[in-house]
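For reference, query-v1.cif is printed below; it contains mmCIF, C-alpha atoms.
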data_coords
loop_
_atom_site.label_atom_id
_atom_site.label_comp_id
_atom_site.auth_asym_id
_atom_site.auth_seq_id
_atom_site.Cartn_x
_atom_site.Cartn_y
_atom_site.Cartn_z
CA MET Q 267 -2.30 -0.89 -5.91
CA GLU Q 268 -5.22 -1.06 -8.32
CA ARG Q 269 -8.56 -2.48 -7.21
CA LYS Q 270 -10.42 -4.99 -9.33
CA THR Q 271 -14.11 -4.48 -9.84
CA GLY Q 272 -16.55 -7.35 -9.46
CA LYS Q 273 -16.65 -7.73 -13.24
CA GLU Q 274 -12.89 -8.37 -13.33
CA CYS Q 275 -12.91 -11.09 -10.66
CA THR Q 276 -13.69 -14.69 -11.47
CA ALA Q 277 -16.22 -16.54 -9.31
CA ASP Q 278 -13.50 -18.51 -7.51
CA GLN Q 279 -11.67 -15.25 -6.62
CA GLN Q 280 -14.60 -13.45 -5.03
CA LEU Q 281 -15.24 -13.58 -1.34
CA PRO Q 282 -18.90 -13.52 -0.42
CA ALA Q 283 -20.25 -10.17 0.77
CA LEU Q 284 -20.63 -10.21 4.54
CA GLY Q 285 -22.60 -7.03 5.01
CA ILE Q 286 -22.02 -4.79 7.97
CA GLY Q 287 -23.10 -7.26 10.67
CA PRO Q 288 -19.78 -9.06 11.21
CA TYR Q 289 -17.96 -5.73 11.28
CA LEU Q 290 -20.31 -4.43 13.97
CA GLU Q 291 -19.76 -7.62 15.99
CA LEU Q 292 -16.00 -7.07 15.70
CA MET Q 293 -16.46 -3.45 16.70
CA ASP Q 294 -18.35 -4.52 19.84
CA LYS Q 295 -15.45 -6.76 20.81
CA THR Q 296 -12.60 -4.38 20.00
CA ALA Q 297 -13.73 -0.74 20.26
CA ALA Q 298 -13.40 1.21 23.49
CA GLN Q 299 -16.42 0.79 25.77
CA ASP Q 300 -17.32 4.49 25.56
CA ALA Q 301 -16.93 4.66 21.75
CA ASP Q 302 -19.89 6.09 19.86
CA ARG Q 303 -21.15 2.97 18.02
CA LYS Q 304 -23.38 4.90 15.62
CA SER Q 305 -20.49 7.17 14.58
CA ILE Q 306 -18.24 4.15 14.10
CA ARG Q 307 -20.88 2.58 11.86
CA MET Q 308 -21.28 5.78 9.82
CA GLY Q 309 -17.50 6.17 9.53
CA LEU Q 310 -17.22 2.59 8.29
CA VAL Q 311 -19.95 3.15 5.70
CA MET Q 312 -18.19 6.37 4.58
CA LEU Q 313 -14.96 4.43 4.16
CA TRP Q 314 -16.75 1.80 2.07
CA LEU Q 315 -18.47 4.55 0.10
CA SER Q 316 -15.14 6.16 -0.74
CA ASP Q 317 -13.79 2.81 -1.98
CA ASN Q 318 -16.91 2.22 -4.07
CA ILE Q 319 -16.77 5.72 -5.56
CA LEU Q 320 -13.19 5.09 -6.69
CA ASP Q 321 -14.29 1.76 -8.21
CA VAL Q 322 -17.13 3.46 -10.13
CA MET Q 323 -14.73 6.12 -11.39
CA ASP Q 324 -12.15 3.51 -12.42
CA VAL Q 325 -14.78 1.55 -14.37
CA ASP Q 326 -15.87 4.70 -16.22
CA LEU Q 327 -12.26 5.74 -16.95
CA ALA Q 328 -11.14 2.26 -18.08
CA PRO Q 329 -11.90 2.92 -21.78
CA PHE Q 330 -9.24 5.67 -21.65
CA GLY Q 331 -6.64 3.30 -20.16
CA ILE Q 332 -6.33 5.26 -16.93
CA THR Q 333 -7.47 5.04 -13.32
CA GLU Q 334 -8.66 7.78 -10.98
CA SER Q 335 -5.34 7.81 -9.09
CA LYS Q 336 -3.35 8.31 -12.28
CA LEU Q 337 -5.78 10.94 -13.54
CA ASP Q 338 -5.51 12.67 -10.15
CA MET Q 339 -1.75 12.99 -10.61
CA LEU Q 340 -2.15 14.32 -14.16
CA LEU Q 341 -4.73 16.86 -12.96
CA LEU Q 342 -2.40 17.95 -10.17
CA LEU Q 343 0.43 18.47 -12.65
CA MET Q 344 -1.82 20.24 -15.15
CA LEU Q 345 -3.25 22.61 -12.56
CA HIS Q 346 0.22 23.48 -11.23
CA ASP Q 347 1.80 23.79 -14.68
CA GLY Q 348 3.41 27.21 -15.03
CA ARG Q 349 2.79 28.11 -11.37
CA GLU Q 350 5.65 26.33 -9.65
CA LEU Q 351 8.00 23.44 -10.19
CA VAL Q 352 6.58 20.16 -8.91
CA THR Q 353 8.73 17.51 -7.26
CA PRO Q 354 7.87 13.87 -6.57
CA SER Q 355 8.08 14.62 -2.83
CA ALA Q 356 5.56 17.46 -3.17
CA ILE Q 357 3.22 15.11 -5.08
CA ALA Q 358 3.54 12.47 -2.35
CA ASP Q 359 2.73 15.05 0.32
CA ARG Q 360 -0.26 16.45 -1.58
CA LEU Q 361 -1.76 13.08 -2.47
CA GLY Q 362 -0.97 11.53 0.91
CA ILE Q 363 0.95 8.60 -0.54
CA ARG Q 364 4.48 7.24 -0.17
CA ARG Q 365 7.28 8.55 -2.36
CA ALA Q 366 7.76 5.01 -3.74
CA SER Q 367 4.11 5.01 -4.87
CA VAL Q 368 4.64 8.34 -6.62
CA THR Q 369 7.69 6.94 -8.37
CA ALA Q 370 5.71 3.92 -9.59
CA LEU Q 371 2.86 6.15 -10.83
CA LEU Q 372 5.32 8.49 -12.56
CA ASP Q 373 7.11 5.54 -14.20
CA TRP Q 374 3.76 4.31 -15.56
CA LEU Q 375 2.70 7.77 -16.78
CA GLU Q 376 6.12 8.57 -18.25
CA LYS Q 377 6.20 5.27 -20.16
CA ARG Q 378 3.03 6.44 -21.95
CA GLY Q 379 4.45 9.88 -22.67
CA TRP Q 380 2.01 11.73 -20.39
CA VAL Q 381 4.57 13.17 -17.95
CA SER Q 382 8.24 14.07 -18.06
CA ARG Q 383 10.88 14.29 -15.36
CA GLU Q 384 13.86 16.62 -15.56
CA GLN Q 385 16.75 17.32 -13.24
CA SER Q 386 16.72 20.74 -11.62
CA ALA Q 387 19.13 23.23 -13.15
CA LYS Q 388 19.84 24.62 -9.66
CA ASP Q 389 20.16 21.33 -7.74
CA ARG Q 390 20.92 18.22 -9.78
CA ARG Q 391 19.68 16.02 -6.92
CA MET Q 392 16.17 17.44 -7.38
CA ILE Q 393 13.73 16.21 -10.04
CA HIS Q 394 10.90 18.29 -11.47
CA VAL Q 395 7.82 16.66 -12.95
CA SER Q 396 5.57 18.14 -15.59
CA ILE Q 397 2.67 17.09 -17.75
CA THR Q 398 3.41 16.69 -21.46
CA PRO Q 399 1.21 17.97 -24.29
CA GLU Q 400 0.07 14.34 -24.78
CA GLY Q 401 -0.85 14.12 -21.09
CA ARG Q 402 -2.76 17.38 -21.31
CA ALA Q 403 -4.63 16.08 -24.39
CA LEU Q 404 -5.56 12.91 -22.50
CA VAL Q 405 -6.84 14.88 -19.52
CA ASN Q 406 -8.93 17.07 -21.81
CA GLN Q 407 -10.36 13.95 -23.47
CA VAL Q 408 -11.12 12.22 -20.14
CA LEU Q 409 -12.61 15.16 -18.21
CA PRO Q 410 -16.13 15.03 -19.71
CA THR Q 411 -16.44 11.40 -18.54
CA PHE Q 412 -14.91 12.29 -15.18
CA TRP Q 413 -17.43 15.10 -14.61
CA SER Q 414 -20.30 12.92 -15.81
CA THR Q 415 -19.33 10.22 -13.33
CA CYS Q 416 -19.16 12.81 -10.54
CA VAL Q 417 -22.73 13.88 -11.38
CA SER Q 418 -23.94 10.29 -11.50
CA LEU Q 419 -22.83 9.67 -7.92
CA LEU Q 420 -25.67 11.88 -6.68
CA GLY Q 421 -28.32 10.47 -8.99
CA ASP Q 422 -30.42 8.95 -6.21
CA LEU Q 423 -30.68 12.19 -4.22
CA ASP Q 424 -33.47 14.70 -4.73
CA ALA Q 425 -32.81 18.46 -4.66
CA GLU Q 426 -33.42 18.84 -0.91
CA GLU Q 427 -31.24 15.83 -0.07
CA ARG Q 428 -28.47 17.23 -2.26
CA LYS Q 429 -28.63 20.57 -0.44
CA VAL Q 430 -28.32 18.94 2.99
CA PHE Q 431 -25.69 16.48 1.77
CA GLU Q 432 -23.61 19.30 0.27
CA LYS Q 433 -23.56 21.12 3.61
CA ILE Q 434 -22.58 17.97 5.54
CA LEU Q 435 -20.05 16.86 2.94
CA SER Q 436 -18.37 20.28 2.86
CA LYS Q 437 -18.14 20.35 6.65
CA LEU Q 438 -16.64 16.84 6.79
CA HIS Q 439 -14.22 17.66 3.98
CA ARG Q 440 -12.94 20.80 5.72
CA SER Q 441 -12.62 18.93 9.01
CA ILE Q 442 -10.63 16.08 7.51
CA GLU Q 443 -8.36 18.42 5.53
CA THR Q 444 -7.66 20.34 8.74
CA ARG Q 445 -6.95 17.08 10.57
CA ILE Q 446 -4.42 15.85 8.01
CA GLY Q 447 -3.00 19.29 7.26
CA VAL Q 448 -3.34 18.91 3.50
CA GLY Q 449 -5.89 20.39 1.16
CA ARG Q 450 -6.67 20.35 -2.49
#

Entire entry expressed as C-alpha cells:
Amino acid sequence: MERKTGKECTADQQLPALGIGPYLELMDKTAAQDADRKSIRMGLVMLWLSDNILDVMDVDLAPFGITESKLDMLLLLMLHDGRELVTPSAIADRLGIRRASVTALLDWLEKRGWVSREQSAKDRRMIHVSITPEGRALVNQVLPTFWSTCVSLLGDLDAEERKVFEKILSKLHRSIETRIGVGR
C-alpha cells in the first residue's frame, strides 16, 4: 500500500500530529514492567524515521512515476540479471513481503513494460521475472535522484556525527539482518 505525503492529503483527511507523548503513555500501560523504556522510545523513533525516509524518497521519485518500493524491486531484478533466474517467491522472501504483494507490484511494473514474466522451460509451474531494457533505462534515469536523496538524509549531521552514526547504523543493520535471516 502506498503512503500519501502531507501534501497529498486534504485538511479534512489529516489527523493532527500527537507527538510521542500519547505513545509513551500507552507504552507505560501496556509494556512489560521490566521493559527498557528508553530503548522502546528509541525503537519507536527509529520506526517513525524509517517511515519518514520512505516518504521523502517517494516524494523525490514521484516525477519519475515510481515509488521506492517499486524501484527497490527493479534494482533487485537489475542487480540479479544474468546471475540467476528470479522467481516471485524469491522476491517476496528477499523483500520481506507477501507473495500477493509481489504479484501486485509485478502487475504494475509489467503494465508499464519495465519487467517481464516468463514460464520456466524446465518447470512450467515456475515463473521467472526479469527487468526489461525499458526498466533498466528507467532505473538508470532515476538513480541520480535516488542517490541525491540518500545524501540529503544526512544533511543535518556534521562529519563527526556522521562517523558515529555510520558505526551505529551499520551495527543495527547487521543485527536486524541476522535477526530476520535476510540480507541485501

Counting all atoms listed in the file, which residues of range 375-405 of chain Q sit at most 8 Å from some atom of range 350-353 of chain Q, and what is each one's closest atom pair with its distance in Å to one decimal, listed by chain and rising residue number, as JSON lines?
{"residue": "Q:Met392", "atom": "CA", "partner": "Q:Thr353", "partner_atom": "CA", "distance": 7.4}
{"residue": "Q:Ile393", "atom": "CA", "partner": "Q:Thr353", "partner_atom": "CA", "distance": 5.9}
{"residue": "Q:His394", "atom": "CA", "partner": "Q:Thr353", "partner_atom": "CA", "distance": 4.8}
{"residue": "Q:Val395", "atom": "CA", "partner": "Q:Val352", "partner_atom": "CA", "distance": 5.5}
{"residue": "Q:Ser396", "atom": "CA", "partner": "Q:Val352", "partner_atom": "CA", "distance": 7.1}

Looking at Q:Gly421, Q:Glu427, Q:Leu281, Q:Glu443, which one is nearest to Gly362 in chain Q, with distances taken over all atoms listed in the file?
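Closest candidate: Q:Glu443.
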
Need the shell around Thr369 in chain Q: protein/DNA/RNA residues with any atom at most 9 Å away, counting only C-alpha atoms. Skip same-chain ones fewer than 5 positions apart. Format as a VMD selection string?
chain Q and resid 354 364 374

Rank Q:Ser305, Q:Lys377, Q:Asp326, Q:Met312 by their smallest atom-to-atom distance to Pro410 in chain Q, using only C-alpha atoms, and report the top residue only.
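That would be Q:Asp326, the residue with the smallest distance to Pro410 in chain Q.
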
Best match for closeness to Gly379 in chain Q among Q:Arg365, Q:Arg303, Q:His439, Q:Arg402, counting only C-alpha atoms
Q:Arg402

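Distance-wise, CA of Leu435 in chain Q and CA of Leu343 in chain Q end up 25.8 Å apart.
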
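Picture a line from CA of Ala283 in chain Q to CA of Leu320 in chain Q; it runs 18.4 Å.
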
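If you look at CA of Thr415 in chain Q and CA of Leu284 in chain Q, they are 27.2 Å away from each other.
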
Applied to the shown file, which residues does the PyMOL selection byres ((chain Q and resi 399) around 12) return, written as a PyMOL selection string?
chain Q and resi 340+343-344+347+378-382+396-398+400-406

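Closest approach to Val368 in chain Q from the set Q:Met308, Q:Ala387, Q:Ala328, Q:Met339 is made by Q:Met339, with distances taken over all atoms listed in the file.
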
Taking only C-alpha atoms into account, which of Q:Ala425, Q:Ile434, Q:Leu419, Q:Leu290 comes nearest Asp321 in chain Q?
Q:Leu419

Show me a table, sorted first by chain and then by increasing residue number, of the residues of range 391-437 of chain Q having an atom at most 12 Å from range 315-319 of chain Q, each with its shortest atom pair and the distance in Å to one decimal, counting all atoms listed in the file and written as JSON lines.
{"residue": "Q:Phe412", "atom": "CA", "partner": "Q:Ile319", "partner_atom": "CA", "distance": 11.8}
{"residue": "Q:Thr415", "atom": "CA", "partner": "Q:Ile319", "partner_atom": "CA", "distance": 9.3}
{"residue": "Q:Cys416", "atom": "CA", "partner": "Q:Ile319", "partner_atom": "CA", "distance": 9.0}
{"residue": "Q:Val417", "atom": "CA", "partner": "Q:Ile319", "partner_atom": "CA", "distance": 11.7}
{"residue": "Q:Ser418", "atom": "CA", "partner": "Q:Ile319", "partner_atom": "CA", "distance": 10.4}
{"residue": "Q:Leu419", "atom": "CA", "partner": "Q:Ile319", "partner_atom": "CA", "distance": 7.6}
{"residue": "Q:Leu420", "atom": "CA", "partner": "Q:Ile319", "partner_atom": "CA", "distance": 10.9}

Near-Gln407 in chain Q list (12 Å; all atoms listed in the file; drop same-chain fewer than 6 positions) as JSON, numbers by chain
{"Q": [327, 329, 330, 331, 332, 337, 400, 401, 413]}

Listed atoms of range 312-315 of chain Q boxed along x, y and z, 6 Å each side, centre and edge lengths in Å, one decimal, as lines of an AutoDock Vina configuration file:
center_x = -16.7
center_y = 4.1
center_z = 2.3
size_x = 15.5
size_y = 16.6
size_z = 16.5
